[in-house]
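Below: the structure, in structure tokens.
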Amino acid sequence: MDAQTIIAKRIAQELRDGILVNLGIGIPTLVSNFVPSGMRVYFQSENGLIGTGAPPPEGMHHPMLTDAGGKPVSALPGACTFDSATSFGLIRGGHLDMTVLGALQVDASGLLANWMIPGKMVPGMGGAMDLVTGAKRVVVAMQHTAKGKSKIVTELSLPLTSIRPVDLVVTELAVIAFPGGRATLLETAPGVTVGQVREATEAELVVSDKIRQMEL
């Protein structure tokens with residue numbers, strides 16, 4: 001199982017029946033492929049769609065049905081579309097039960113940097129700031145390291161997304177929460193030890209007294 005699949009499958013276990021969930025660009029979009037059987041989850045795309053389904057077969061996509069990254073999606077029965085103002089009204093109004101976002105860095109207290117790298121061209125800040133501030137629960141989906149460097153750092157070196165800490169980080173190595181503003185290791189991936197997670201993590205980790213292995 002590749003890293004992205006491990007992350008998406010584990011995050012899918014955080015879903016609950018009937019909730020409204022926003023999926024960000026990248027790994028988060030894969031979460032919709034692993035919704036538990038019999039569960040109905042309403043996925044929102046910030047460009048104005050509730051009820052996104054799996055990508056359509058090649059050649060069957062509709063140019064107006066895309067996810068936030070512009071990739072084709074299908075619309076499930078009962079789906080609805082609306083303008084961007086309504087979409088961000090849902091986000092800013094606190095109506096999202098959960099958002100799943102990618103990240104460039106998360107620090108030891110759960111603060112997130114995910115919208116730009118200084119000196120690199122970006123198309124705009126997107127909806128990340130609104131999502132982290134407005135959603136009831138914020139889950140980060142990211143690989144644990146990039147180019148050999150940990151993405152879970154002692155202190156952010158990239159621009160902050162929001163002053164609100166995230167609730168959970170899921171990587172291919174671990175599940176980490178931030179109770180009391182401290183990075184706390186809750187789960188390790190199958191075959192991964194606490195020592196390996198610590199070695200791959202710049203930030204200091206507290207190990208939960210109920211630590212367990214991910215069930216995938």
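Following the order of the structure tokens, chains are lettered A, B, ..., residues in each are numbered from 1, and ligands are numbered from 1.
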
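By only C-alpha atoms, and with residues fewer than 6 positions from range 3-17 of chain A along its chain excluded, the set lying at most 7 Å from it is Ile27, Pro28, Leu30, Val31, Phe34, Val35, Met39, Arg40, Val41, Ala141, Val170, Thr171, Glu172 and Leu216 of chain A.
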
Sorted per-residue table, range 68-97 of chain A near range 55-63 of chain A, closest atoms and distance, 9 Å, only C-alpha atoms, as JSON lines:
```
{"residue": "A:Lys71", "atom": "CA", "partner": "A:Pro55", "partner_atom": "CA", "distance": 8.1}
{"residue": "A:Pro72", "atom": "CA", "partner": "A:Pro55", "partner_atom": "CA", "distance": 5.8}
{"residue": "A:Val73", "atom": "CA", "partner": "A:Pro55", "partner_atom": "CA", "distance": 4.3}
{"residue": "A:Ser74", "atom": "CA", "partner": "A:Pro56", "partner_atom": "CA", "distance": 5.6}
```

Give me the residues within 9 Å of Leu101 in chain A as a PyMOL selection string, counting only C-alpha atoms and dropping any in the same chain fewer than 2 places off.
chain A and resi 22-28+99+103+114+128+131-132+138-142

The residue from A:Thr201, A:Ser84, A:Thr66, A:Asn47 with the smallest atom-to-atom distance to Ser150 in chain A, counting only C-alpha atoms, is A:Thr201

Please determine, counting only C-alpha atoms, which residue among A:Asp209, A:Glu46, A:Asp107, A:Glu215 has the shortest atom-to-atom distance to Ile163 in chain A.
A:Asp107
